[in-house]
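Coordinates as given in coords_11.cif (mmCIF, C-alpha atoms):
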data_model
#
loop_
_atom_site.group_PDB
_atom_site.id
_atom_site.type_symbol
_atom_site.label_atom_id
_atom_site.label_comp_id
_atom_site.auth_asym_id
_atom_site.auth_seq_id
_atom_site.Cartn_x
_atom_site.Cartn_y
_atom_site.Cartn_z
ATOM 1 C CA MET A 6 24.967 -8.408 31.098
ATOM 2 C CA ALA A 7 23.340 -11.385 29.396
ATOM 3 C CA ALA A 8 25.326 -13.190 26.754
ATOM 4 C CA THR A 9 25.020 -16.381 24.810
ATOM 5 C CA GLN A 10 26.161 -18.054 21.648
ATOM 6 C CA PHE A 11 24.253 -19.847 18.927
ATOM 7 C CA GLU A 12 25.610 -22.179 16.281
ATOM 8 C CA PHE A 13 23.910 -22.029 12.897
ATOM 9 C CA SER A 14 24.265 -24.890 10.405
ATOM 10 C CA ASN A 15 24.304 -22.592 7.344
ATOM 11 C CA LYS A 16 21.194 -24.345 6.036
ATOM 12 C CA VAL A 17 18.157 -22.311 5.070
ATOM 13 C CA ASP A 18 15.678 -24.756 6.630
ATOM 14 C CA SER A 19 17.119 -24.206 10.102
ATOM 15 C CA LEU A 20 17.110 -20.412 9.850
ATOM 16 C CA THR A 21 13.629 -19.852 11.278
ATOM 17 C CA SER A 22 14.318 -22.090 14.257
ATOM 18 C CA ILE A 23 17.546 -20.349 15.291
ATOM 19 C CA LEU A 24 16.018 -16.942 14.646
ATOM 20 C CA LYS A 25 13.214 -17.830 17.054
ATOM 21 C CA GLN A 26 15.711 -18.956 19.715
ATOM 22 C CA ILE A 27 17.704 -15.728 19.390
ATOM 23 C CA LEU A 28 14.616 -13.517 19.658
ATOM 24 C CA GLU A 29 13.386 -15.495 22.665
ATOM 25 C CA PHE A 30 16.751 -15.004 24.363
ATOM 26 C CA ILE A 31 16.652 -11.236 23.754
ATOM 27 C CA ASN A 32 13.041 -11.003 24.893
ATOM 28 C CA SER A 33 13.673 -12.921 28.113
ATOM 29 C CA SER A 34 17.010 -11.242 28.941
ATOM 30 C CA HIS A 35 16.329 -7.547 28.560
ATOM 31 C CA SER A 36 15.866 -5.492 31.722
ATOM 32 C CA THR A 37 14.362 -2.357 30.241
ATOM 33 C CA ASP A 38 10.798 -1.325 31.021
ATOM 34 C CA ASN A 39 10.406 0.114 27.536
ATOM 35 C CA ASP A 40 8.465 -1.595 24.794
ATOM 36 C CA ILE A 41 11.065 -3.665 22.936
ATOM 37 C CA SER A 42 8.957 -4.623 19.915
ATOM 38 C CA ALA A 43 10.964 -2.232 17.704
ATOM 39 C CA LEU A 44 14.208 -3.714 19.030
ATOM 40 C CA LEU A 45 12.986 -7.239 18.353
ATOM 41 C CA PHE A 46 11.998 -6.301 14.797
ATOM 42 C CA LYS A 47 15.466 -4.848 14.149
ATOM 43 C CA ALA A 48 17.178 -7.860 15.750
ATOM 44 C CA LYS A 49 15.052 -10.134 13.580
ATOM 45 C CA VAL A 50 15.895 -8.494 10.251
ATOM 46 C CA ILE A 51 19.579 -8.055 11.133
ATOM 47 C CA THR A 52 19.980 -11.667 12.251
ATOM 48 C CA THR A 53 18.092 -12.921 9.200
ATOM 49 C CA GLU A 54 20.461 -11.066 6.892
ATOM 50 C CA LEU A 55 23.609 -12.103 8.779
ATOM 51 C CA LEU A 56 22.552 -15.742 8.590
ATOM 52 C CA THR A 57 21.463 -15.451 4.965
ATOM 53 C CA ASN A 58 24.875 -13.984 4.183
ATOM 54 C CA SER A 59 26.459 -17.074 5.746
ATOM 55 C CA ILE A 60 24.299 -19.421 3.686
ATOM 56 C CA LYS A 61 25.332 -17.602 0.524
ATOM 57 C CA HIS A 62 28.984 -16.869 1.169
ATOM 58 C CA SER A 63 30.406 -18.873 4.064
ATOM 59 C CA GLU A 64 32.666 -21.725 3.107
ATOM 60 C CA SER A 65 32.294 -23.546 6.416
ATOM 61 C CA THR A 66 29.501 -25.782 7.657
ATOM 62 C CA SER A 67 28.469 -23.580 10.566
ATOM 63 C CA THR A 68 28.388 -20.000 11.752
ATOM 64 C CA ILE A 69 28.639 -18.697 15.295
ATOM 65 C CA ILE A 70 26.306 -15.903 16.339
ATOM 66 C CA ASP A 71 27.009 -14.111 19.632
ATOM 67 C CA ILE A 72 24.331 -12.110 21.406
ATOM 68 C CA LYS A 73 25.237 -9.669 24.192
ATOM 69 C CA LEU A 74 22.648 -7.589 25.930
ATOM 70 C CA ASP A 75 23.068 -5.028 28.691
ATOM 71 C CA GLN A 76 20.997 -2.096 29.874
ATOM 72 C CA ASN A 77 22.088 0.140 27.005
ATOM 73 C CA THR A 78 22.965 -1.993 24.027
ATOM 74 C CA LEU A 79 22.257 -5.170 22.140
ATOM 75 C CA ILE A 80 25.266 -6.487 20.219
ATOM 76 C CA ILE A 81 24.811 -9.157 17.556
ATOM 77 C CA SER A 82 28.042 -10.494 16.121
ATOM 78 C CA LYS A 83 28.817 -13.162 13.589
ATOM 79 C CA VAL A 84 32.025 -14.859 12.561
ATOM 80 C CA ASP A 85 32.430 -16.863 9.371
ATOM 81 C CA TYR A 86 35.252 -18.075 7.146
ATOM 82 C CA GLY A 87 33.999 -17.127 3.705
ATOM 83 C CA LYS A 88 35.877 -14.928 1.260
ATOM 84 C CA PRO A 89 36.460 -11.385 2.576
ATOM 85 C CA LEU A 90 34.119 -8.698 1.261
ATOM 86 C CA ALA A 91 35.586 -7.479 -2.037
ATOM 87 C CA LEU A 92 35.128 -3.848 -1.067
ATOM 88 C CA ILE A 93 37.609 -4.110 1.824
ATOM 89 C CA ALA A 94 40.497 -3.547 -0.642
ATOM 90 C CA ASP A 95 38.958 -0.320 -1.972
ATOM 91 C CA ALA A 96 38.126 0.882 1.546
ATOM 92 C CA ASN A 97 41.685 0.158 2.730
ATOM 93 C CA SER A 98 43.121 2.382 0.014
ATOM 94 C CA SER A 99 40.769 5.337 0.513
ATOM 95 C CA PRO A 100 40.712 7.851 3.374
ATOM 96 C CA ASP A 101 37.114 8.735 2.441
ATOM 97 C CA LYS A 102 33.916 6.793 2.587
ATOM 98 C CA ILE A 103 33.347 4.880 -0.626
ATOM 99 C CA PRO A 104 29.923 4.186 -2.168
ATOM 100 C CA VAL A 105 28.988 0.514 -2.116
ATOM 101 C CA THR A 106 25.594 0.839 -3.773
ATOM 102 C CA ASN A 107 23.669 3.820 -5.046
ATOM 103 C CA ASP A 108 20.120 4.263 -6.328
ATOM 104 C CA ILE A 109 17.301 6.792 -6.038
ATOM 105 C CA LEU A 110 16.446 5.542 -2.548
ATOM 106 C CA HIS A 111 19.821 5.215 -0.816
ATOM 107 C CA THR A 112 23.555 5.452 -1.040
ATOM 108 C CA LEU A 113 25.305 2.840 1.075
ATOM 109 C CA TYR A 114 28.850 3.747 2.084
ATOM 110 C CA ALA A 115 31.817 1.899 3.565
ATOM 111 C CA ARG A 116 34.470 3.848 5.461
ATOM 112 C CA SER A 117 37.750 2.350 6.553
ATOM 113 C CA LYS A 118 38.187 2.568 10.334
ATOM 114 C CA MET A 119 41.556 0.843 10.267
ATOM 115 C CA GLU A 120 43.327 -1.690 8.055
ATOM 116 C CA ASN A 121 40.796 -4.409 7.108
ATOM 117 C CA GLN A 122 37.984 -2.860 9.120
ATOM 118 C CA ILE A 123 35.057 -0.903 7.699
ATOM 119 C CA GLN A 124 31.960 0.766 9.033
ATOM 120 C CA PHE A 125 28.830 0.882 6.907
ATOM 121 C CA THR A 126 26.689 4.005 6.808
ATOM 122 C CA CYS A 127 23.770 5.010 4.672
ATOM 123 C CA GLU A 128 22.133 8.170 3.333
ATOM 124 C CA GLU A 129 18.609 8.447 2.032
ATOM 125 C CA ASN A 130 18.433 10.066 -1.414
ATOM 126 C CA LYS A 131 15.835 12.432 -2.809
ATOM 127 C CA MET A 132 13.543 10.646 -5.187
ATOM 128 C CA ASP A 133 13.549 13.400 -7.761
ATOM 129 C CA ASP A 134 13.471 11.248 -10.867
ATOM 130 C CA LEU A 135 11.011 8.388 -10.907
ATOM 131 C CA LEU A 136 12.396 7.299 -14.281
ATOM 132 C CA GLU A 137 15.399 6.046 -12.358
ATOM 133 C CA LEU A 138 13.254 3.395 -10.672
ATOM 134 C CA ASN A 139 14.808 0.945 -13.075
ATOM 135 C CA ASP A 140 18.158 1.420 -11.368
ATOM 136 C CA ILE A 141 16.961 0.331 -7.945
ATOM 137 C CA ILE A 142 19.314 -2.232 -6.500
ATOM 138 C CA GLU A 143 18.197 -5.833 -6.034
ATOM 139 C CA HIS A 144 20.649 -6.776 -3.265
ATOM 140 C CA PHE A 145 19.446 -5.453 0.060
ATOM 141 C CA GLY A 146 21.285 -7.471 2.710
ATOM 142 C CA LEU A 147 23.949 -4.931 3.741
ATOM 143 C CA LEU A 148 21.473 -2.066 3.395
ATOM 144 C CA ILE A 149 18.939 -3.727 5.692
ATOM 145 C CA ILE A 150 21.554 -4.343 8.387
ATOM 146 C CA THR A 151 22.979 -0.818 8.077
ATOM 147 C CA LYS A 152 19.572 0.858 8.291
ATOM 148 C CA ALA A 153 18.327 -1.272 11.176
ATOM 149 C CA ALA A 154 21.568 -0.912 13.173
ATOM 150 C CA ASP A 155 22.996 1.968 15.172
ATOM 151 C CA GLU A 156 26.463 0.770 14.209
ATOM 152 C CA PHE A 157 27.583 -1.902 11.752
ATOM 153 C CA ILE A 158 31.251 -2.841 11.528
ATOM 154 C CA TYR A 159 32.933 -5.520 9.439
ATOM 155 C CA THR A 160 36.465 -6.761 10.063
ATOM 156 C CA TYR A 161 38.609 -9.220 8.133
ATOM 157 C CA ASP A 162 41.512 -10.938 9.872
ATOM 158 C CA ASN A 163 44.268 -11.860 7.421
ATOM 159 C CA GLN A 164 45.831 -14.333 9.847
ATOM 160 C CA THR A 165 42.809 -16.327 10.901
ATOM 161 C CA LYS A 166 40.746 -15.631 7.716
ATOM 162 C CA GLU A 167 37.836 -14.671 9.953
ATOM 163 C CA ASN A 168 35.104 -12.336 8.746
ATOM 164 C CA THR A 169 33.553 -10.640 11.779
ATOM 165 C CA PHE A 170 30.340 -8.660 11.520
ATOM 166 C CA ILE A 171 29.451 -6.651 14.646
ATOM 167 C CA VAL A 172 26.071 -4.951 14.804
ATOM 168 C CA THR A 173 25.163 -2.666 17.701
ATOM 169 C CA LEU A 174 21.667 -1.557 18.611
ATOM 170 C CA ASN A 175 21.015 1.073 21.265
ATOM 171 C CA LEU A 176 18.176 0.240 23.624
ATOM 172 C CA MET B 11 4.873 -21.067 -4.749
ATOM 173 C CA ILE B 12 2.126 -18.906 -6.296
ATOM 174 C CA LYS B 13 -1.553 -19.432 -6.938
ATOM 175 C CA ILE B 14 -3.731 -17.431 -9.345
ATOM 176 C CA ILE B 15 -6.789 -16.318 -7.382
ATOM 177 C CA LYS B 16 -8.417 -14.087 -9.996
ATOM 178 C CA ASP B 17 -7.839 -13.563 -13.710
ATOM 179 C CA GLU B 18 -9.718 -10.374 -14.611
ATOM 180 C CA THR B 19 -9.736 -8.234 -17.750
ATOM 181 C CA ASN B 20 -7.054 -5.821 -16.600
ATOM 182 C CA HIS B 21 -5.328 -7.622 -13.759
ATOM 183 C CA LEU B 22 -4.292 -10.869 -12.128
ATOM 184 C CA LEU B 23 -4.548 -11.494 -8.391
ATOM 185 C CA ILE B 24 -1.980 -13.997 -7.199
ATOM 186 C CA GLU B 25 -1.242 -15.330 -3.740
ATOM 187 C CA ILE B 26 2.123 -16.438 -2.427
ATOM 188 C CA THR B 27 1.679 -19.886 -0.911
ATOM 189 C CA VAL B 28 4.730 -20.035 1.379
ATOM 190 C CA THR B 29 5.089 -18.623 4.895
ATOM 191 C CA GLU B 30 8.839 -18.056 4.617
ATOM 192 C CA ALA B 31 9.773 -15.968 1.588
ATOM 193 C CA ASN B 32 13.528 -16.331 1.398
ATOM 194 C CA LEU B 33 16.531 -17.255 -0.721
ATOM 195 C CA ASP B 34 15.272 -20.826 -0.902
ATOM 196 C CA ASN B 35 12.313 -19.815 -3.068
ATOM 197 C CA SER B 36 13.074 -16.298 -4.366
ATOM 198 C CA ASP B 37 14.480 -17.426 -7.736
ATOM 199 C CA VAL B 38 11.517 -19.724 -8.426
ATOM 200 C CA PHE B 39 9.114 -16.945 -7.410
ATOM 201 C CA LYS B 40 10.798 -14.443 -9.728
ATOM 202 C CA SER B 41 10.780 -16.865 -12.624
ATOM 203 C CA GLN B 42 7.137 -17.928 -12.162
ATOM 204 C CA VAL B 43 5.821 -14.372 -11.811
ATOM 205 C CA THR B 44 7.882 -13.053 -14.716
ATOM 206 C CA GLN B 45 6.440 -15.813 -16.913
ATOM 207 C CA LEU B 46 2.934 -14.862 -15.763
ATOM 208 C CA LEU B 47 3.514 -11.243 -16.751
ATOM 209 C CA ASP B 48 4.852 -12.271 -20.153
ATOM 210 C CA ARG B 49 1.962 -14.654 -20.773
ATOM 211 C CA HIS B 50 -0.975 -12.571 -19.504
ATOM 212 C CA LYS B 51 0.329 -8.995 -20.004
ATOM 213 C CA LYS B 52 -1.885 -7.749 -17.176
ATOM 214 C CA ASN B 53 -1.398 -5.657 -14.060
ATOM 215 C CA LEU B 54 -0.494 -7.784 -11.083
ATOM 216 C CA ILE B 55 -1.772 -7.743 -7.526
ATOM 217 C CA ILE B 56 0.348 -9.907 -5.216
ATOM 218 C CA ASP B 57 -1.263 -11.025 -1.953
ATOM 219 C CA LEU B 58 1.345 -11.719 0.748
ATOM 220 C CA ASN B 59 -1.098 -12.560 3.559
ATOM 221 C CA THR B 60 0.480 -15.971 4.147
ATOM 222 C CA VAL B 61 4.035 -14.596 4.415
ATOM 223 C CA ASP B 62 5.353 -14.374 7.986
ATOM 224 C CA TYR B 63 8.930 -13.646 7.110
ATOM 225 C CA ILE B 64 10.727 -12.155 4.135
ATOM 226 C CA ASP B 65 14.435 -11.713 3.447
ATOM 227 C CA SER B 66 16.591 -9.567 1.188
ATOM 228 C CA SER B 67 16.706 -12.205 -1.556
ATOM 229 C CA PHE B 68 12.933 -12.251 -1.870
ATOM 230 C CA LEU B 69 12.766 -8.447 -1.756
ATOM 231 C CA GLY B 70 15.269 -8.461 -4.617
ATOM 232 C CA ALA B 71 12.960 -10.791 -6.552
ATOM 233 C CA LEU B 72 10.005 -8.460 -5.951
ATOM 234 C CA VAL B 73 12.007 -5.491 -7.250
ATOM 235 C CA ALA B 74 13.107 -7.463 -10.332
ATOM 236 C CA ILE B 75 9.452 -8.305 -11.006
ATOM 237 C CA LEU B 76 8.472 -4.640 -10.612
ATOM 238 C CA LYS B 77 11.132 -3.593 -13.130
ATOM 239 C CA HIS B 78 9.967 -6.275 -15.564
ATOM 240 C CA ALA B 79 6.363 -5.045 -15.231
ATOM 241 C CA MET B 80 7.367 -1.397 -15.614
ATOM 242 C CA ALA B 81 9.140 -2.212 -18.866
ATOM 243 C CA MET B 82 5.797 -3.654 -20.043
ATOM 244 C CA LYS B 83 3.980 -0.556 -18.701
ATOM 245 C CA LEU B 84 2.150 -2.698 -16.146
ATOM 246 C CA GLU B 85 1.552 -2.171 -12.427
ATOM 247 C CA VAL B 86 2.571 -4.377 -9.520
ATOM 248 C CA ILE B 87 0.579 -3.877 -6.335
ATOM 249 C CA LEU B 88 1.255 -5.557 -3.002
ATOM 250 C CA VAL B 89 -1.566 -6.383 -0.572
ATOM 251 C CA GLY B 90 -2.040 -8.303 2.671
ATOM 252 C CA LEU B 91 1.341 -7.476 4.203
ATOM 253 C CA LYS B 92 1.863 -8.533 7.819
ATOM 254 C CA LYS B 93 3.363 -5.916 10.128
ATOM 255 C CA ASP B 94 6.974 -7.144 10.056
ATOM 256 C CA VAL B 95 6.911 -7.501 6.276
ATOM 257 C CA ASN B 96 5.451 -4.013 5.878
ATOM 258 C CA ASP B 97 7.957 -2.579 8.392
ATOM 259 C CA LEU B 98 10.859 -4.118 6.470
ATOM 260 C CA LEU B 99 9.678 -2.598 3.182
ATOM 261 C CA MET B 100 9.368 0.769 4.942
ATOM 262 C CA LEU B 101 12.840 0.423 6.517
ATOM 263 C CA ILE B 102 14.477 0.274 3.090
ATOM 264 C CA ARG B 103 11.913 2.644 1.554
ATOM 265 C CA LEU B 104 10.453 0.147 -0.889
ATOM 266 C CA ASP B 105 7.072 1.549 0.118
ATOM 267 C CA LYS B 106 8.111 4.524 -2.072
ATOM 268 C CA VAL B 107 8.292 2.409 -5.211
ATOM 269 C CA PHE B 108 5.634 -0.262 -4.688
ATOM 270 C CA LYS B 109 1.949 0.505 -4.448
ATOM 271 C CA ILE B 110 0.886 -1.141 -1.191
ATOM 272 C CA TYR B 111 -2.714 -1.616 -0.037
ATOM 273 C CA THR B 112 -4.336 -3.347 2.883
ATOM 274 C CA ASN B 113 -6.347 -5.721 0.751
ATOM 275 C CA TYR B 114 -7.482 -6.628 -2.759
ATOM 276 C CA GLU B 115 -10.590 -4.448 -2.642
ATOM 277 C CA ASP B 116 -8.519 -1.337 -1.832
ATOM 278 C CA ALA B 117 -6.048 -2.187 -4.581
ATOM 279 C CA LEU B 118 -8.849 -2.362 -7.153
ATOM 280 C CA THR B 119 -9.532 1.348 -6.687
ATOM 281 C CA GLN B 120 -6.092 2.019 -8.257
ATOM 282 C CA LEU B 121 -6.533 0.013 -11.430
#

What does the file become when written as structure tokens?
Amino acid sequence: MAATQFEFSNKVDSLTSILKQILEFINSSHSTDNDISALLFKAKVITTELLTNSIKHSESTSTIIDIKLDQNTLIISKVDYGKPLALIADANSSPDKIPVTNDILHTLYARSKMENQIQFTCEENKMDDLLELNDIIEHFGLLIITKAADEFIYTYDNQTKENTFIVTLNL
Amino acid sequence: MIKIIKDETNHLLIEITVTEANLDNSDVFKSQVTQLLDRHKKNLIIDLNTVDYIDSSFLGALVAILKHAMAMKLEVILVGLKKDVNDLLMLIRLDKVFKIYTNYEDALTQL
């Protein structure tokens, strides 16, 4: 397994540089013979959104991104100390998946896996009413990560106040 | 942030002048393009050929602009998308709501 850690300064002007370093690490560390261009694209959009989320919501001056790569999976994880996602309270109190966003294109769901831990999933909707175009959401960060990932789990730790986002991609 | 390339009878062609379309410039982009729509009241072709990288904030701005144009019964067409930008729009199905063409000449056939 190859693993490394990157520290991001939570500043938008250093995003491209760290994104490049992360993609270079993945590209040089993988041991598969398959074409990994699709994997790199997914890693790029997921990492971009995780880092953008930190710029917007983290209350600390840096964010740690961990990259782990083995023969079967790529795991991108991020820890920050911003406010917990508001939807964690609703997810905690429901045994069912709860809709996070909904429009004619997608419904994004959060399902509680355990106390303070949720998994995001997504369903594509039938576009049967083009008049509803006006309702299309304008916040795509969680949707992009969920659709690009094979698994996307968020955990909030009440003790340490850590928000942990773990994204798994199958190779 | 944006440059007007052509101002024709029924449309404007504008080009985005940044390579990184992200939360640092998405609000300015949305504001500038919305003002253009209000002022010119013409269909809009947006050329993204300079854009290497786009994030969710900028995609949100594009959708807000599309909604603004639709309320004015105007079209917004995207052209010149690089592969990663096009792939991202397809990933979240925005290719279903935006008209996307390879280049300006192709887009003209739809106006």

task: For chain B, report every residue with an atom at most 9 Å from chain A (counting only C-alpha atoms), formatted as a count of residues only.
output: 28

Applying the PyMOL selection byres ((chain A and resi 95) around 12) to the file I just gave you, which residues come out? Please list them as a PDB file with C-alpha atoms, keeping the file's coordinate frame.
ATOM      1  CA  LEU A  90      34.119  -8.698   1.261  1.00  0.00           C
ATOM      2  CA  ALA A  91      35.586  -7.479  -2.037  1.00  0.00           C
ATOM      3  CA  LEU A  92      35.128  -3.848  -1.067  1.00  0.00           C
ATOM      4  CA  ILE A  93      37.609  -4.110   1.824  1.00  0.00           C
ATOM      5  CA  ALA A  94      40.497  -3.547  -0.642  1.00  0.00           C
ATOM      6  CA  ALA A  96      38.126   0.882   1.546  1.00  0.00           C
ATOM      7  CA  ASN A  97      41.685   0.158   2.730  1.00  0.00           C
ATOM      8  CA  SER A  98      43.121   2.382   0.014  1.00  0.00           C
ATOM      9  CA  SER A  99      40.769   5.337   0.513  1.00  0.00           C
ATOM     10  CA  PRO A 100      40.712   7.851   3.374  1.00  0.00           C
ATOM     11  CA  ASP A 101      37.114   8.735   2.441  1.00  0.00           C
ATOM     12  CA  LYS A 102      33.916   6.793   2.587  1.00  0.00           C
ATOM     13  CA  ILE A 103      33.347   4.880  -0.626  1.00  0.00           C
ATOM     14  CA  PRO A 104      29.923   4.186  -2.168  1.00  0.00           C
ATOM     15  CA  VAL A 105      28.988   0.514  -2.116  1.00  0.00           C
ATOM     16  CA  TYR A 114      28.850   3.747   2.084  1.00  0.00           C
ATOM     17  CA  ALA A 115      31.817   1.899   3.565  1.00  0.00           C
ATOM     18  CA  ARG A 116      34.470   3.848   5.461  1.00  0.00           C
ATOM     19  CA  SER A 117      37.750   2.350   6.553  1.00  0.00           C
ATOM     20  CA  GLU A 120      43.327  -1.690   8.055  1.00  0.00           C
ATOM     21  CA  ASN A 121      40.796  -4.409   7.108  1.00  0.00           C
ATOM     22  CA  GLN A 122      37.984  -2.860   9.120  1.00  0.00           C
ATOM     23  CA  ILE A 123      35.057  -0.903   7.699  1.00  0.00           C
TER      24      ILE A 123
END

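Nearest to B:Ala31 of all the residues A:Leu20, A:Asn130, A:Asp40, A:Ile27 is A:Leu20, based on all atoms listed in the file.
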
message: Once the PyMOL selection byres ((chain A and resi 64-76) around 7) is applied to the coordinates I shared, what remains selected? I want it as number ranges by chain.
response: A: 6-15, 35-37, 59, 62-63, 77-87

statement: re atom CA of B:Asn96 and atom CA of A:Ile31: distance 22.3 Å

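Residues in contact with B:Leu118 at up to 10 Å, not including ones fewer than 4 positions away on its chain and judged by only C-alpha atoms, are B:His21, B:Ile55, B:Ile87, B:Tyr111, B:Asn113, B:Tyr114.
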
Residue IDs satisfying the PyMOL selection byres ((chain B and resi 61) around 9), as a tab-separated table (two decimals) with C-alpha atoms, in the coordinates of the input:
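Result file follows (expr.tsv):
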chain	number	residue	atom	x	y	z
B	26	ILE	CA	2.12	-16.44	-2.43
B	27	THR	CA	1.68	-19.89	-0.91
B	28	VAL	CA	4.73	-20.04	1.38
B	29	THR	CA	5.09	-18.62	4.89
B	30	GLU	CA	8.84	-18.06	4.62
B	31	ALA	CA	9.77	-15.97	1.59
B	58	LEU	CA	1.34	-11.72	0.75
B	59	ASN	CA	-1.10	-12.56	3.56
B	60	THR	CA	0.48	-15.97	4.15
B	62	ASP	CA	5.35	-14.37	7.99
B	63	TYR	CA	8.93	-13.65	7.11
B	64	ILE	CA	10.73	-12.16	4.14
B	90	GLY	CA	-2.04	-8.30	2.67
B	91	LEU	CA	1.34	-7.48	4.20
B	92	LYS	CA	1.86	-8.53	7.82
B	95	VAL	CA	6.91	-7.50	6.28

Near-stretch 82-85 of chain B list (10 Å; all atoms listed in the file; drop same-chain fewer than 5 positions) as a ChimeraX atom specification: /B:20-21,47-48,51-55,76-77,108-109,120-121

Mind working out the centre and edge lengths of an axis-aligned box for stretch 79-83 of chain B, all listed atoms inside, 8 Å added to each side, rounded to one decimal in Å and written as JSON?
{"center_x": 6.6, "center_y": -2.8, "center_z": -17.6, "size_x": 21.2, "size_y": 20.5, "size_z": 20.8}

message: Rounded to one decimal, what separation in Å do you get between atom CA of A:Glu167 and atom CA of A:Leu28?
response: 25.2 Å

- request: Enter the distance from atom CA of B:Ala117 to atom CA of B:Leu22, in Å, rounded to one decimal.
  value: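 Going from atom CA of B:Ala117 over to atom CA of B:Leu22, I get 11.6 Å.
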
field: Test item: residues at most 9 Å from B:Lys40, all atoms listed in the file, excluding those fewer than 3 positions along its chain, as a PyMOL selection string
entry: chain B and resi 35-37+43-45+68+71-72+74-75

query: Excluding same-chain residues fewer than 5 positions from stretch 155-163 of chain A, what lies within 6 Å of it counting all atoms listed in the file, as a list in words?
result: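 Here the qualifying residues turn out to be Asn121, Gln122, Ile123, Gln124, Phe125, Asn168, Thr169, Phe170, Ile171, Val172, Thr173 and Leu174 of chain A.
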